[in-house]
Amino acid sequence: MDFSLSEWWDSMSLIQQIYWGFAIPSTLLFIIQTLLTFFGADFDAEGDADIDVESDHGAGFQFFTLKNFVAFFTIFSWTGIACLDSGFTYGLTLVISIVAGVIMMTLMAAIFYYFSRLTDSGTMSIRNAVGKIGEVYLPVKAKRANIGRVSIKVQGSLRELEAITDDSKDLPMGTVIEVTDIIGDNVLLITKSK
C-alpha cells in the first residue's frame, strides 16, 4: 500500500483541511501542555512570586486562558473531523464542534478553578489561634507585665507565638493555656486552661 501525504491532503474538502489544520497543532500543544502540567510547569504562570499573599483567595474562574484555548481547538477540530466522517452537513458540523469546544473550555476552567480552591496559601491567620489550647514556652507574667511565648498548634502546624495574660498569677513554663483573644495584630491574650 503506497501512502502519500499530499494525495491524502488533496483528497479532502476545504473544510476537512481546515479541521485537520487545527487538529494537528492543537493536539500536539495539548499533549505538551498536559505533560508539563504533570511535571509541575504552568503555561499560564505570570507575575512576581514575591508578592504578598495575605489576602489571596485563589485564581478565580478563568475562562479565557491559553490552556482553555488549546483544549477548545483540540476538541473543536476532532469533533468536526468525526462529524464530517459521519456524513453530517457542514453547518451542523460547525455548530456541534463549536458547542463541544465551548463545553471543553468550561470544563477546563471549572477544573482549574476548583483545584485552585483546594490549595493552601501557607499564610497563617493568627485569628485561627483563638480558642486553641497550648503550652507556655517562655514565662508570661501576670497583668500584662511582659510578653512571653507559647507553643500552640495553629492551622495544622506547631507555632511559637508571643503572648500576654490578664490573669492575676504568673504563667510559668509548661502551663497549659487557652487563647482568648488577639491583641494588636500578633500577640495572643491567654489564660490558664481550666
# chains A, B, ... in the order shown; residues from 1 in each chain; ligands from 1
call {"tool": "select_by_dssp", "arguments": {"residues": "region 20-181 of chain A", "states": "helix (DSSP H, G or I)", "output": "PyMOL selection string"}}
result
chain A and resi 20-38+66-85+90-118+126-129+142-144
call {"tool": "write_last_selection", "arguments": {"atoms": "C-alpha atoms", "output": "short mmCIF file (atom, residue, chain, number, x, y, z; two decimals), in the first residue's frame"}}
result
data_model
loop_
_atom_site.label_atom_id
_atom_site.label_comp_id
_atom_site.auth_asym_id
_atom_site.auth_seq_id
_atom_site.Cartn_x
_atom_site.Cartn_y
_atom_site.Cartn_z
CA TRP A 20 -7.18 18.91 10.24
CA GLY A 21 -5.17 22.15 10.20
CA PHE A 22 -6.49 22.90 13.68
CA ALA A 23 -6.35 19.29 14.91
CA ILE A 24 -2.66 18.55 14.40
CA PRO A 25 -1.03 21.59 16.10
CA SER A 26 -3.65 21.90 18.85
CA THR A 27 -3.34 18.20 19.72
CA LEU A 28 0.45 18.48 19.89
CA LEU A 29 0.15 21.55 22.14
CA PHE A 30 -2.44 19.77 24.28
CA ILE A 31 -0.10 16.79 24.77
CA ILE A 32 2.86 19.06 25.62
CA GLN A 33 0.69 21.14 27.97
CA THR A 34 -0.58 18.01 29.72
CA LEU A 35 2.94 16.64 30.19
CA LEU A 36 4.18 19.98 31.53
CA THR A 37 1.24 20.14 33.94
CA PHE A 38 2.05 16.67 35.28
CA LEU A 66 -4.05 29.51 26.89
CA LYS A 67 -4.91 26.09 28.35
CA ASN A 68 -8.59 26.59 27.62
CA PHE A 69 -7.96 27.76 24.04
CA VAL A 70 -5.76 24.75 23.34
CA ALA A 71 -8.47 22.48 24.79
CA PHE A 72 -11.14 24.27 22.71
CA PHE A 73 -9.30 23.87 19.41
CA THR A 74 -8.37 20.25 20.17
CA ILE A 75 -11.95 19.20 20.89
CA PHE A 76 -13.39 21.52 18.21
CA SER A 77 -11.20 20.05 15.48
CA TRP A 78 -11.55 16.37 16.41
CA THR A 79 -15.32 16.71 16.84
CA GLY A 80 -15.51 18.38 13.43
CA ILE A 81 -13.46 15.63 11.81
CA ALA A 82 -15.67 12.96 13.41
CA CYS A 83 -18.86 14.74 12.31
CA LEU A 84 -17.64 15.14 8.72
CA ASP A 85 -16.57 11.48 8.59
CA TYR A 90 -21.03 21.45 7.10
CA GLY A 91 -23.36 23.73 9.07
CA LEU A 92 -24.31 21.05 11.60
CA THR A 93 -20.66 20.01 11.91
CA LEU A 94 -19.63 23.59 12.66
CA VAL A 95 -22.33 24.03 15.32
CA ILE A 96 -21.58 20.70 17.02
CA SER A 97 -17.81 21.28 17.04
CA ILE A 98 -18.14 24.82 18.44
CA VAL A 99 -20.51 23.63 21.18
CA ALA A 100 -18.15 20.74 22.04
CA GLY A 101 -15.20 23.15 22.19
CA VAL A 102 -17.03 25.61 24.46
CA ILE A 103 -18.10 22.76 26.76
CA MET A 104 -14.47 21.65 26.97
CA MET A 105 -13.33 25.21 27.76
CA THR A 106 -15.94 25.43 30.52
CA LEU A 107 -14.89 22.08 31.97
CA MET A 108 -11.20 23.06 31.92
CA ALA A 109 -11.92 26.42 33.56
CA ALA A 110 -14.05 24.73 36.23
CA ILE A 111 -11.43 22.06 36.92
CA PHE A 112 -8.63 24.59 37.38
CA TYR A 113 -10.89 26.86 39.44
CA TYR A 114 -11.78 24.07 41.86
CA PHE A 115 -8.17 22.83 42.01
CA SER A 116 -7.02 26.35 42.88
CA ARG A 117 -9.55 26.44 45.72
CA LEU A 118 -8.04 23.25 47.17
CA ILE A 126 -3.38 34.45 63.83
CA ARG A 127 -7.16 34.72 64.35
CA ASN A 128 -7.28 30.92 63.97
CA ALA A 129 -5.46 30.61 67.31
CA ALA A 142 0.58 38.38 85.40
CA LYS A 143 -1.39 41.50 84.41
CA ARG A 144 0.45 42.00 81.11
#
call {"tool": "select_by_dssp", "arguments": {"residues": "region 25-178 of chain A", "states": "strand (DSSP E or B)", "output": "list in words"}}
result
Ile133, Gly134, Glu135, Val136, Tyr137, Leu138, Val140, Gly148, Arg149, Val150, Ser151, Ile152, Lys153, Val154, Ser157, Leu158, Arg159, Glu160, Leu161, Glu162, Ala163, Ile164, Thr165, Leu171, Val176, Ile177 and Glu178 of chain A
call {"tool": "write_last_selection", "arguments": {"atoms": "C-alpha atoms", "output": "PDB file, in the first residue's frame"}}
result
ATOM      1  CA  ILE A 133      -5.043  25.162  73.744  1.00  0.00           C
ATOM      2  CA  GLY A 134      -1.285  25.486  74.033  1.00  0.00           C
ATOM      3  CA  GLU A 135       1.634  25.474  76.445  1.00  0.00           C
ATOM      4  CA  VAL A 136       3.736  28.281  77.855  1.00  0.00           C
ATOM      5  CA  TYR A 137       7.212  28.183  76.301  1.00  0.00           C
ATOM      6  CA  LEU A 138       8.682  31.342  77.882  1.00  0.00           C
ATOM      7  CA  VAL A 140       4.211  35.026  80.901  1.00  0.00           C
ATOM      8  CA  GLY A 148       6.162  35.676  76.878  1.00  0.00           C
ATOM      9  CA  ARG A 149       5.880  32.921  74.304  1.00  0.00           C
ATOM     10  CA  VAL A 150       3.568  29.974  73.928  1.00  0.00           C
ATOM     11  CA  SER A 151       3.759  26.844  71.816  1.00  0.00           C
ATOM     12  CA  ILE A 152       0.436  26.242  70.079  1.00  0.00           C
ATOM     13  CA  LYS A 153      -0.883  24.305  67.101  1.00  0.00           C
ATOM     14  CA  VAL A 154      -2.481  26.656  64.553  1.00  0.00           C
ATOM     15  CA  SER A 157       1.387  23.188  62.465  1.00  0.00           C
ATOM     16  CA  LEU A 158       3.047  23.877  65.815  1.00  0.00           C
ATOM     17  CA  ARG A 159       3.973  27.550  66.250  1.00  0.00           C
ATOM     18  CA  GLU A 160       5.722  29.643  68.875  1.00  0.00           C
ATOM     19  CA  LEU A 161       3.857  32.914  69.300  1.00  0.00           C
ATOM     20  CA  GLU A 162       4.104  35.928  71.602  1.00  0.00           C
ATOM     21  CA  ALA A 163       1.554  36.055  74.404  1.00  0.00           C
ATOM     22  CA  ILE A 164       0.366  38.149  77.363  1.00  0.00           C
ATOM     23  CA  THR A 165      -2.162  37.417  80.110  1.00  0.00           C
ATOM     24  CA  LEU A 171       2.131  31.539  83.992  1.00  0.00           C
ATOM     25  CA  VAL A 176      -1.404  24.696  79.765  1.00  0.00           C
ATOM     26  CA  ILE A 177      -3.180  27.779  78.409  1.00  0.00           C
ATOM     27  CA  GLU A 178      -6.111  28.783  76.231  1.00  0.00           C
TER      28      GLU A 178
END
call {"tool": "atom_distance", "arguments": {"atom1": "CA of Pro172 (chain A)", "atom2": "CA of Lys141 (chain A)"}}
result
8.0 Å
call {"tool": "atom_distance", "arguments": {"atom1": "CA of Val130 (chain A)", "atom2": "CA of Ile182 (chain A)"}}
result
7.3 Å
call {"tool": "atom_distance", "arguments": {"atom1": "CA of Thr191 (chain A)", "atom2": "CA of Val179 (chain A)"}}
result
6.6 Å
call {"tool": "closest_residue", "arguments": {"among": "A:Thr89, A:Thr175, A:Asn186, A:Ser168", "to": "Ser125 (chain A)", "atoms": "only C-alpha atoms"}}
result
A:Asn186
call {"tool": "closest_residue", "arguments": {"among": "A:Asp10, A:Lys192, A:Ile18, A:Asp185", "to": "Asp166 (chain A)", "atoms": "only C-alpha atoms"}}
result
A:Lys192
